[in-house]
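Participant: Dropping a structure here in structure tokens format, bear with me for questions.
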Amino acid sequence: MRKSRRRWQVLAALLALPTLLPLGAALASLARIDAELWSHLSTYVLPEVLPDTLILLVAVSLGVSLLGTGLALLVTMFDFPGRRVFSWALLLPLAIPGYVLATVFIGGLDYAGSVATWLRERGVLLPELRNRLGATLVLIAALYPYVYLVVRSSLATQGARVMEAARSLGLSPAQAMLRVALPLSAPAILGGTLLAAMEVLADFGTVAAFNVDTLTSAIYEAWFALFSVDAALQLAGVLLLVVLVLVILQSRVQSARRTAQSGPLSTRLRLRGPGAVGASLFCLLILLLSFVAPAVQLLLWSCKHLATLESRLLASALNSVLLGGLAALLVLSSALLLGYAARRAPGRVVSVATRIATLGYALPGALLAVGLYVPLAALARQANESLGLGVILQGGLALMLLAYGVRFTAVAHAPVMSGLGRIRPSLDEAARLAGLTGLKQLLRVHLPLLRPGLAAGAALVFVDVMKEMPITLMTRPFGWDTLAVRVFELTSEGEWQRAALPSLGIVIAGLLPVWWLIRNLERDERRGGDRGSAA
């Protein structure tokens, strides 16, 4: 029994090792400063990219917190025409990556865009959009659902009793919302904002489209424009320091998130007259700008350029599907083994290993790409020199899949652990009495019961890989394009409308996990309503 427990602990530690490689490489680069290189970075690169990165981070964080919280308050605390539809439809922008949204807005509103041209013919001139302000607005539109989702859940789980207690103290519905519900949801607001902030740090395609230089884009340019892996690694180390600050803040927020849970709200404040019209129009405007108009524009442009559908685009779509499938298989296997290790050998070792292995989702793709490339390249050189092996460990499909595994293990880990938590230990005892142990028990008992969780995890990882740009762009084998890479290449050439076809494919794939999320939220709300009625 002790030997089996040790084996699971060793396995969990090995699964956490790939996450430690980029962390160690980035931190070690800061301790191994090249004076000449650092002089160049500190004089010409950091003074430009660091302020832009921090300003964008603060501006987007403020925007998504205000917009996401405001929308969550509206659909949770008030009743107005269209509320039921808006409550789930406002999650649809999760299906559109920021760089796809940037493609639509620049393609339509830039000087040569169709909308800008139409307005200019009527004497209306639009301001320059390809700047930090444009990137901020697009990222807010793409990322506000992170805050909206967690704040909506927080407000819903506070329940009727909390609000009724506030009303019994003489507070009006609006006062109860501002003085009770909103303060109780503060940890959720901060938690959702930090998630959005991490996505801002990881973003590459949106800032590149708007000509904004951030640490992520600087890492890419240092590697592929300056051909300096050392410079890219130094910048990755600086980016890691910013990420670690956000990770520490997020862990503290999660430990402080303790909200009362007493069932769903039994009554909502019904808005009438101008208030009801204003709430409906506000939700409709946000939905139109962040999802409906971009989706319709992508569809129109795609139909216009459907005749020019090229074999290269079809190959890119096939590569995206292949990469998504391989990554889903790899990540699910890792998440399942981590979850099973926690079940068979619970304790500090497995807990720490799991925490490290699932930390990768907070690490930007550019940091992972360069952080994994450097140690693996060194390992490959050592193997070639000492063993005479002609292996290349540092590039190609293997590196790309390893980076995906580090980044997206957390995505699959949550549904896998949720499924394992529903399997009672008594079932394991019964299986052992029936002679099923070890791998047989996992394959014949646990896997059939975990099928829904595994399917959900696979879908989430598949879509995340299809949308992911920096890792694919920086680690792909020569000539290996995906839909995300084609969007980047076409937009870099100013072919905004031609980028609609691959963008539309990414959006359609992105709707799958959003649909799954909406369905689960509605099911939970129905269950909550049944419990509230029973109480």
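Labels used: A, B, ... for chains in the order of the structure tokens, numbers from 1 for residues in each chain, and numbers from 1 for ligands as shown.
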Restrict the calculation to only C-alpha atoms, then for each residue of region 391-420 of chain A with any atom at most 12 Å from an atom of region 12-22 of chain A give the closest atom pair and their distance in Å to one decimal, rows by chain and rising residue number, as a tab-separated table.
Facilitator:
residue	atom	partner	partner_atom	distance
A:Leu399	CA	A:Pro18	CA	10.8
A:Leu401	CA	A:Pro18	CA	11.3
A:Leu402	CA	A:Pro18	CA	7.6
A:Ala403	CA	A:Pro18	CA	8.4
A:Tyr404	CA	A:Pro18	CA	10.7
A:Gly405	CA	A:Pro18	CA	8.5
A:Val406	CA	A:Thr19	CA	5.6
A:Arg407	CA	A:Thr19	CA	8.4
A:Phe408	CA	A:Thr19	CA	10.9
A:Thr409	CA	A:Leu15	CA	9.9
A:Ala410	CA	A:Thr19	CA	11.4
Participant: Any idea what's packed within 7 Å of Ala209 (chain A), counting only C-alpha atoms, ignoring anything in its chain fewer than 4 positions away? Could you give it as a PyMOL selection string?
Facilitator: chain A and resi 102+205+491
Participant: Would you mind exporting N, CA, C and O atoms of the selected residues as a PDB file, in the first residue's frame?
Facilitator:
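Heads up, here's the output in part-v4.pdb:
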ATOM      1  N   ALA A 102     -11.130  42.089 -32.921  1.00  0.00           N
ATOM      2  CA  ALA A 102     -10.299  43.156 -33.484  1.00  0.00           C
ATOM      3  C   ALA A 102     -10.359  43.140 -35.011  1.00  0.00           C
ATOM      4  O   ALA A 102     -10.397  44.196 -35.659  1.00  0.00           O
ATOM      5  N   GLY A 205      -2.738  38.535 -30.289  1.00  0.00           N
ATOM      6  CA  GLY A 205      -3.363  38.892 -31.556  1.00  0.00           C
ATOM      7  C   GLY A 205      -4.050  40.236 -31.537  1.00  0.00           C
ATOM      8  O   GLY A 205      -3.952  41.015 -32.502  1.00  0.00           O
ATOM      9  N   THR A 491      -4.435  39.330 -41.288  1.00  0.00           N
ATOM     10  CA  THR A 491      -4.579  40.662 -40.700  1.00  0.00           C
ATOM     11  C   THR A 491      -3.262  41.428 -40.726  1.00  0.00           C
ATOM     12  O   THR A 491      -3.260  42.650 -40.853  1.00  0.00           O
TER      13      THR A 491
END
Participant: Write down as a ChimeraX atom specification the residues of region 351-469 of chain A whose backbone DSSP state falls under helix (DSSP H, G or I).
Facilitator: /A:351-362,365-387,397-421,425-433,438-467
Participant: How about saving the chosen residues, C-alpha atoms kept, as a JSON list (two decimals), in the first residue's frame?
Facilitator:
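The result, written out as out-v4.json:
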[["chain", "number", "residue", "atom", "x", "y", "z"],
["A", 351, "SER", "CA", -1.74, 18.59, -3.47],
["A", 352, "VAL", "CA", 1.32, 20.75, -4.18],
["A", 353, "ALA", "CA", 2.02, 18.89, -7.44],
["A", 354, "THR", "CA", -1.58, 19.41, -8.56],
["A", 355, "ARG", "CA", -1.43, 23.11, -7.73],
["A", 356, "ILE", "CA", 1.76, 23.51, -9.75],
["A", 357, "ALA", "CA", 0.46, 21.45, -12.69],
["A", 358, "THR", "CA", -2.70, 23.57, -12.91],
["A", 359, "LEU", "CA", -0.83, 26.86, -12.62],
["A", 360, "GLY", "CA", -0.09, 26.90, -16.34],
["A", 361, "TYR", "CA", -3.42, 28.50, -17.28],
["A", 362, "ALA", "CA", -2.19, 31.72, -15.64],
["A", 365, "GLY", "CA", 1.44, 31.50, -24.21],
["A", 366, "ALA", "CA", 4.47, 33.54, -25.29],
["A", 367, "LEU", "CA", 6.13, 32.92, -21.92],
["A", 368, "LEU", "CA", 5.45, 29.19, -22.19],
["A", 369, "ALA", "CA", 6.79, 29.03, -25.74],
["A", 370, "VAL", "CA", 10.16, 30.63, -25.00],
["A", 371, "GLY", "CA", 10.34, 29.20, -21.46],
["A", 372, "LEU", "CA", 9.98, 25.63, -22.72],
["A", 373, "TYR", "CA", 12.10, 26.11, -25.84],
["A", 374, "VAL", "CA", 15.25, 27.19, -23.97],
["A", 375, "PRO", "CA", 15.60, 24.27, -21.50],
["A", 376, "LEU", "CA", 14.53, 21.70, -24.09],
["A", 377, "ALA", "CA", 17.02, 23.11, -26.59],
["A", 378, "ALA", "CA", 19.77, 22.83, -23.96],
["A", 379, "LEU", "CA", 18.69, 19.26, -23.21],
["A", 380, "ALA", "CA", 18.75, 18.40, -26.91],
["A", 381, "ARG", "CA", 22.27, 19.80, -27.32],
["A", 382, "GLN", "CA", 23.46, 17.87, -24.29],
["A", 383, "ALA", "CA", 21.94, 14.66, -25.63],
["A", 384, "ASN", "CA", 23.53, 15.19, -29.03],
["A", 385, "GLU", "CA", 26.97, 15.92, -27.57],
["A", 386, "SER", "CA", 27.11, 13.20, -24.93],
["A", 387, "LEU", "CA", 25.06, 10.42, -26.55],
["A", 397, "LEU", "CA", 4.76, 19.38, -32.80],
["A", 398, "ALA", "CA", 6.09, 17.86, -29.57],
["A", 399, "LEU", "CA", 7.00, 21.26, -28.11],
["A", 400, "MET", "CA", 3.67, 22.70, -29.20],
["A", 401, "LEU", "CA", 1.69, 19.89, -27.54],
["A", 402, "LEU", "CA", 3.80, 20.12, -24.38],
["A", 403, "ALA", "CA", 3.07, 23.87, -24.17],
["A", 404, "TYR", "CA", -0.64, 23.18, -24.69],
["A", 405, "GLY", "CA", -0.49, 20.58, -21.92],
["A", 406, "VAL", "CA", 1.04, 23.05, -19.48],
["A", 407, "ARG", "CA", -1.42, 25.82, -20.39],
["A", 408, "PHE", "CA", -4.67, 23.87, -20.44],
["A", 409, "THR", "CA", -4.35, 21.14, -17.80],
["A", 410, "ALA", "CA", -6.34, 23.34, -15.40],
["A", 411, "VAL", "CA", -9.20, 23.52, -17.93],
["A", 412, "ALA", "CA", -9.68, 19.72, -17.92],
["A", 413, "HIS", "CA", -8.77, 19.23, -14.26],
["A", 414, "ALA", "CA", -11.91, 20.93, -12.90],
["A", 415, "PRO", "CA", -14.52, 18.70, -14.64],
["A", 416, "VAL", "CA", -12.42, 15.57, -14.00],
["A", 417, "MET", "CA", -12.17, 16.32, -10.27],
["A", 418, "SER", "CA", -15.87, 17.13, -10.17],
["A", 419, "GLY", "CA", -16.63, 13.72, -11.68],
["A", 420, "LEU", "CA", -14.27, 11.89, -9.32],
["A", 421, "GLY", "CA", -15.86, 13.67, -6.36],
["A", 425, "PRO", "CA", -15.13, 5.50, -1.87],
["A", 426, "SER", "CA", -17.48, 2.61, -1.10],
["A", 427, "LEU", "CA", -17.60, 1.90, -4.83],
["A", 428, "ASP", "CA", -13.82, 1.47, -4.85],
["A", 429, "GLU", "CA", -14.10, -1.02, -1.98],
["A", 430, "ALA", "CA", -16.79, -2.96, -3.83],
["A", 431, "ALA", "CA", -14.62, -3.05, -6.97],
["A", 432, "ARG", "CA", -11.63, -4.36, -4.98],
["A", 433, "LEU", "CA", -13.80, -7.10, -3.48],
["A", 438, "GLY", "CA", -5.27, -0.61, -10.23],
["A", 439, "LEU", "CA", -5.69, -0.01, -13.94],
["A", 440, "LYS", "CA", -8.62, -2.43, -14.27],
["A", 441, "GLN", "CA", -10.55, -0.48, -11.65],
["A", 442, "LEU", "CA", -9.86, 2.79, -13.45],
["A", 443, "LEU", "CA", -10.88, 1.44, -16.87],
["A", 444, "ARG", "CA", -13.91, -0.62, -15.89],
["A", 445, "VAL", "CA", -15.35, 1.32, -12.97],
["A", 446, "HIS", "CA", -14.24, 4.95, -12.99],
["A", 447, "LEU", "CA", -13.96, 5.80, -16.68],
["A", 448, "PRO", "CA", -17.62, 4.97, -17.52],
["A", 449, "LEU", "CA", -18.76, 7.14, -14.61],
["A", 450, "LEU", "CA", -16.39, 9.95, -15.61],
["A", 451, "ARG", "CA", -17.57, 10.07, -19.21],
["A", 452, "PRO", "CA", -19.61, 13.33, -18.89],
["A", 453, "GLY", "CA", -16.77, 15.14, -17.12],
["A", 454, "LEU", "CA", -14.21, 13.85, -19.62],
["A", 455, "ALA", "CA", -16.40, 14.94, -22.55],
["A", 456, "ALA", "CA", -16.77, 18.43, -21.05],
["A", 457, "GLY", "CA", -13.03, 18.71, -20.42],
["A", 458, "ALA", "CA", -12.22, 17.52, -23.95],
["A", 459, "ALA", "CA", -14.59, 20.07, -25.50],
["A", 460, "LEU", "CA", -13.14, 22.94, -23.44],
["A", 461, "VAL", "CA", -9.52, 22.03, -24.24],
["A", 462, "PHE", "CA", -10.29, 21.44, -27.92],
["A", 463, "VAL", "CA", -11.81, 24.90, -28.36],
["A", 464, "ASP", "CA", -9.12, 26.64, -26.28],
["A", 465, "VAL", "CA", -6.43, 25.10, -28.48],
["A", 466, "MET", "CA", -8.25, 26.16, -31.66],
["A", 467, "LYS", "CA", -8.39, 29.77, -30.38]]
Participant: Which residues are close to region 79-89 of chain A, i.e. within 12 Å by only C-alpha atoms, leaving aside same-chain residues fewer than 4 positions away? Reply as a ChimeraX atom specification.
Facilitator: /A:68,71-75,93-95,145,148-149,152-153,156,265-288,290-292,511,514-522,525
Participant: Figure out the distance between CA of Ser65 (chain A) and CA of Gln250 (chain A), please, to one decimal in Å.
Facilitator: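 Value for the CA of Gln250 (chain A)-CA of Ser65 (chain A) distance: 14.7 Å.
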Participant: I'd like the contact shell of region 182-188 of chain A - 6 Å cut-off, only C-alpha atoms, skipping same-chain residues fewer than 5 positions apart - returned as a PyMOL selection string.
Facilitator: chain A and resi 150-151+154+177+253+257
Participant: At what distance in Å, to one decimal, does CA of Phe204 (chain A) lie from CA of Ser114 (chain A)?
Facilitator: 25.4 Å
Participant: Closest to Ala484 (chain A) among A:Ala181, A:Val349, A:Ile96, A:Ala176, using only C-alpha atoms?
Facilitator: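 Closest candidate: A:Ile96.
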Participant: Neighbouring residues of Leu37 (chain A) were defined as those with any atom within 10 Å, considering only C-alpha atoms; residues of the same chain fewer than 4 positions away were excluded. Please report them as a list in words.
Facilitator: Ile33, Leu41, Ser42, Thr43, Ser228, Asp230, Ala231 and Gln234 of chain A
Participant: Deliver the residues from the most recent selection as a file, using all heavy atoms, as a JSON list (two decimals), in the first residue's frame.
Facilitator:
[["chain", "number", "residue", "atom", "x", "y", "z"],
["A", 33, "ILE", "N", 21.95, 37.98, -15.86],
["A", 33, "ILE", "CA", 21.79, 39.18, -16.69],
["A", 33, "ILE", "C", 23.03, 39.39, -17.56],
["A", 33, "ILE", "O", 24.16, 39.40, -17.09],
["A", 33, "ILE", "CB", 21.56, 40.43, -15.81],
["A", 33, "ILE", "CG1", 20.27, 40.27, -15.00],
["A", 33, "ILE", "CG2", 21.55, 41.68, -16.64],
["A", 33, "ILE", "CD1", 19.03, 40.22, -15.84],
["A", 41, "LEU", "N", 17.64, 46.30, -23.68],
["A", 41, "LEU", "CA", 16.24, 46.11, -23.30],
["A", 41, "LEU", "C", 15.75, 47.28, -22.43],
["A", 41, "LEU", "O", 14.63, 47.78, -22.63],
["A", 41, "LEU", "CB", 16.06, 44.79, -22.55],
["A", 41, "LEU", "CG", 16.28, 43.50, -23.35],
["A", 41, "LEU", "CD1", 16.13, 42.29, -22.45],
["A", 41, "LEU", "CD2", 15.30, 43.42, -24.53],
["A", 42, "SER", "N", 16.55, 47.67, -21.45],
["A", 42, "SER", "CA", 16.13, 48.72, -20.53],
["A", 42, "SER", "C", 16.10, 50.10, -21.17],
["A", 42, "SER", "O", 15.42, 51.00, -20.70],
["A", 42, "SER", "CB", 17.04, 48.75, -19.30],
["A", 42, "SER", "OG", 18.38, 49.00, -19.67],
["A", 43, "THR", "N", 16.84, 50.27, -22.28],
["A", 43, "THR", "CA", 16.90, 51.57, -22.94],
["A", 43, "THR", "C", 15.86, 51.71, -24.04],
["A", 43, "THR", "O", 15.21, 52.76, -24.17],
["A", 43, "THR", "CB", 18.30, 51.82, -23.53],
["A", 43, "THR", "OG1", 19.28, 51.70, -22.49],
["A", 43, "THR", "CG2", 18.38, 53.20, -24.17],
["A", 228, "SER", "N", 16.82, 36.76, -31.22],
["A", 228, "SER", "CA", 17.53, 36.67, -29.95],
["A", 228, "SER", "C", 16.66, 35.93, -28.94],
["A", 228, "SER", "O", 15.72, 36.49, -28.38],
["A", 228, "SER", "CB", 17.87, 38.08, -29.42],
["A", 228, "SER", "OG", 18.45, 37.99, -28.13],
["A", 230, "ASP", "N", 17.78, 34.89, -26.10],
["A", 230, "ASP", "CA", 18.13, 35.44, -24.79],
["A", 230, "ASP", "C", 17.27, 36.67, -24.46],
["A", 230, "ASP", "O", 16.79, 36.82, -23.33],
["A", 230, "ASP", "CB", 19.61, 35.81, -24.75],
["A", 230, "ASP", "CG", 20.51, 34.59, -24.76],
["A", 230, "ASP", "OD1", 20.03, 33.52, -24.32],
["A", 230, "ASP", "OD2", 21.66, 34.70, -25.20],
["A", 231, "ALA", "N", 17.09, 37.56, -25.45],
["A", 231, "ALA", "CA", 16.26, 38.74, -25.22],
["A", 231, "ALA", "C", 14.82, 38.33, -24.94],
["A", 231, "ALA", "O", 14.15, 38.90, -24.06],
["A", 231, "ALA", "CB", 16.32, 39.67, -26.43],
["A", 234, "GLN", "N", 14.63, 37.02, -21.38],
["A", 234, "GLN", "CA", 14.70, 38.12, -20.40],
["A", 234, "GLN", "C", 13.35, 38.82, -20.28],
["A", 234, "GLN", "O", 12.87, 39.11, -19.18],
["A", 234, "GLN", "CB", 15.77, 39.12, -20.82],
["A", 234, "GLN", "CG", 17.17, 38.57, -20.87],
["A", 234, "GLN", "CD", 17.85, 38.57, -19.51],
["A", 234, "GLN", "OE1", 17.62, 39.44, -18.70],
["A", 234, "GLN", "NE2", 18.67, 37.57, -19.27]]
Participant: Pick out the residues sitting within 7 Å of Gly107 (chain A), and hand them over as a list of chain:residue names; count only C-alpha atoms, and ignore anything fewer than 3 positions along from it in its own chain.
Facilitator: A:Thr103, A:Val104, A:Asp110, A:Gly113, A:Trp496, A:Gln497
Participant: What does the structure give for the distance between CA of Arg132 (chain A) and CA of Leu483 (chain A), in Å to one decimal?
Facilitator: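 So the answer is 25.5 Å.
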Participant: Hey, which of A:Ala315, A:Ala141, A:Leu126, A:Ala28 ends up closest to Gly108 (chain A)? Count only C-alpha atoms.
Facilitator: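 Looking only at the distances to Gly108 (chain A), the closest residue turns out to be A:Leu126.
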